[in-house]
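Worksheet: one structure, shown below.
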Amino acid sequence: MRRFDKSFTQQEPLPEEAIEAAVEVMRSGRLHRYNLADGEKGETALFEKAFAEQLGVPYALACASGGYSLQLALRACGIEQGDAVLCNAFTLSPVPGSIHAAGGRAVLVDILDDTTVDPMDLAEAARETEARFFLLSHMRGHIGDMEAIMAVCETHGITLIEDCAHTMGAAYAGRPSGTFGKAGCFSTQTYKHLNSGEGGVLTTGDPEVMRRAVMLSGSYMLFDRHLAAPDPESYGDVRLMTPNMSGRMDNLRAAVLRPQLAELQRRKRRWNALYHRLETRLEGLHPVRLIRRHEKEEFVGSSLQFLLPTLSHDQIARFVSGCEARGIPLKWYGKPLPEDYTSRYDSWGYLGTNRPLPNADRLLATLCDLRLPLTFDNEDCDFIAQLMSDAMEQATDKTNTP
Ligand SMILES: *Cc1c(COP(=O)(O)O)cnc(C)c1O
């Protein structure tokens, strides 16, 4: 059997510039973000400043992880113990996990055929729960109908927080993802768009939210060492009234991120070209149904999803194992038990009983997902598509039914 041999989890090496910057930080011994020599600004503060400028917002705070930035956003926006927090039914486990960690109660909202959140069900859930927060994941890079979503939030007095773990560098109707809500949350974990192993960034235009976030992240009383935060004179009582929930970024990770940030747009073009290539090849593969993108969405390639709505559970299972045998680790959300990141909402048992989510149930049953690293090229995409076609033929062959 023909087989694809490259690793789907092999990222590119870090740029030389990033490696040099990291070595410099290590030589200095000043790895803690607030450990600065006279007149030094520090890699973390400089990264925050560059990140805020690139996104076009006044404030950015780098922190320990993307999931931590979600917790931080909820807390900085004023969540209280037991508060209901709406979130998409199709998301990744750190999202309900962050809500839980911040003392909230995740309330899942159903999705549309394009896997984005259903604004009608969002309104319904808002009425049912009187939730004050909506943690919106632009899951797998798909941005929903932001006008409709914003309108529901406005009508119901809901604070919107955007999870942009898959949309760093993306936009909707010309507006960058992460600037629609009260706060935007990003991840710099290895499998996202910038790679520092672990890391996160919270952005906001609201000075009070930012002051709280800075204090919460564990700034001690060193908030004057930020370059993308409100005036230190403005901290007033916030500095005495906000608990320290330690979750800072360090200079080493910030040092490797800064040169990568400068490359984000170029990476975006390369990723989009790869995904476009594979999508074009898969378009002709029956019965694959690619997920339609909103016309106003300016996409940044993060992964590729498709549905297999006409196949039976057994046929999909055969297709997925056929892909696996050919070296293609296709993720399938319909697997009885979650593996890797294919977590389904029913594997978050701590949430208790969920609202009825008929669309999510129907879609996730046949939804597949594939991520391409930038170490792949066009020929790889073509080969992957061929192998998937082979696997499909085998899985749907009538003589092959057990
Ligand atoms: C990766 C991810 C996160 C969390 O990021 P970490 O940096 O791993 O904590 C949050 N939401 C989504 C949708 C993600 O994919």
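By convention here, the chains of the structure tokens are called A, B, ... in the order presented, each chain's residues are numbered starting at 1, and ligands are numbered starting at 1 in the order presented.
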Compute the set of protein, DNA and RNA residues whose minimum atom distance to ligand 1 is at most 7 Å, using only C-alpha atoms and all ligand atoms, and state it as a PyMOL selection string. chain A and resi 65-68+91-92+94-95+137-140+163+165-166+187-189+192+198-200
For region 305-314 of chain A, list every protein, DNA or RNA residue within 6 Å, evaluated using only C-alpha atoms, and leave out those in the same chain fewer than 4 positions away; present the list as a list of chain:residue names. A:Val288, A:Arg289, A:Leu290, A:Ile291, A:Thr366, A:Leu367, A:Cys368, A:Asp369
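The coordinates place CA of Thr116 (chain A) at 22.2 Å from CA of His100 (chain A).
Shortest atom-to-atom contact with Tyr345 (chain A) among A:Thr159, A:Ser93, A:Gln81, A:Asn35: A:Ser93, counting only C-alpha atoms.
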Could you name the residues that touch Gly181 (chain A) at 8 Å or less, counting only C-alpha atoms, but leaving out those on the same chain fewer than 4 positions away, as a list in words? Thr159, Leu160, Ile161 and Glu162 of chain A
Select from region 118-350 of chain A everything DSSP, run on the backbone, classes as strand (DSSP E or B), then give the selection as a ChimeraX atom specification. /A:133-137,159-163,171-172,175-176,183-187,200-204,248,289-290,297-298,304-307,331-332
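Distances from A:Glu263, A:Asp382, A:Glu324, A:Glu393 to Pro287 (chain A) were compared using only C-alpha atoms, and the smallest one belongs to A:Glu393.
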Write down as a VMD selection string the residues of region 49-252 of chain A whose backbone DSSP state falls under alpha helix (DSSP H). chain A and resid 49 to 55 66 to 76 94 to 101 119 to 129 146 to 155 207 to 216 238 to 241 251 to 252
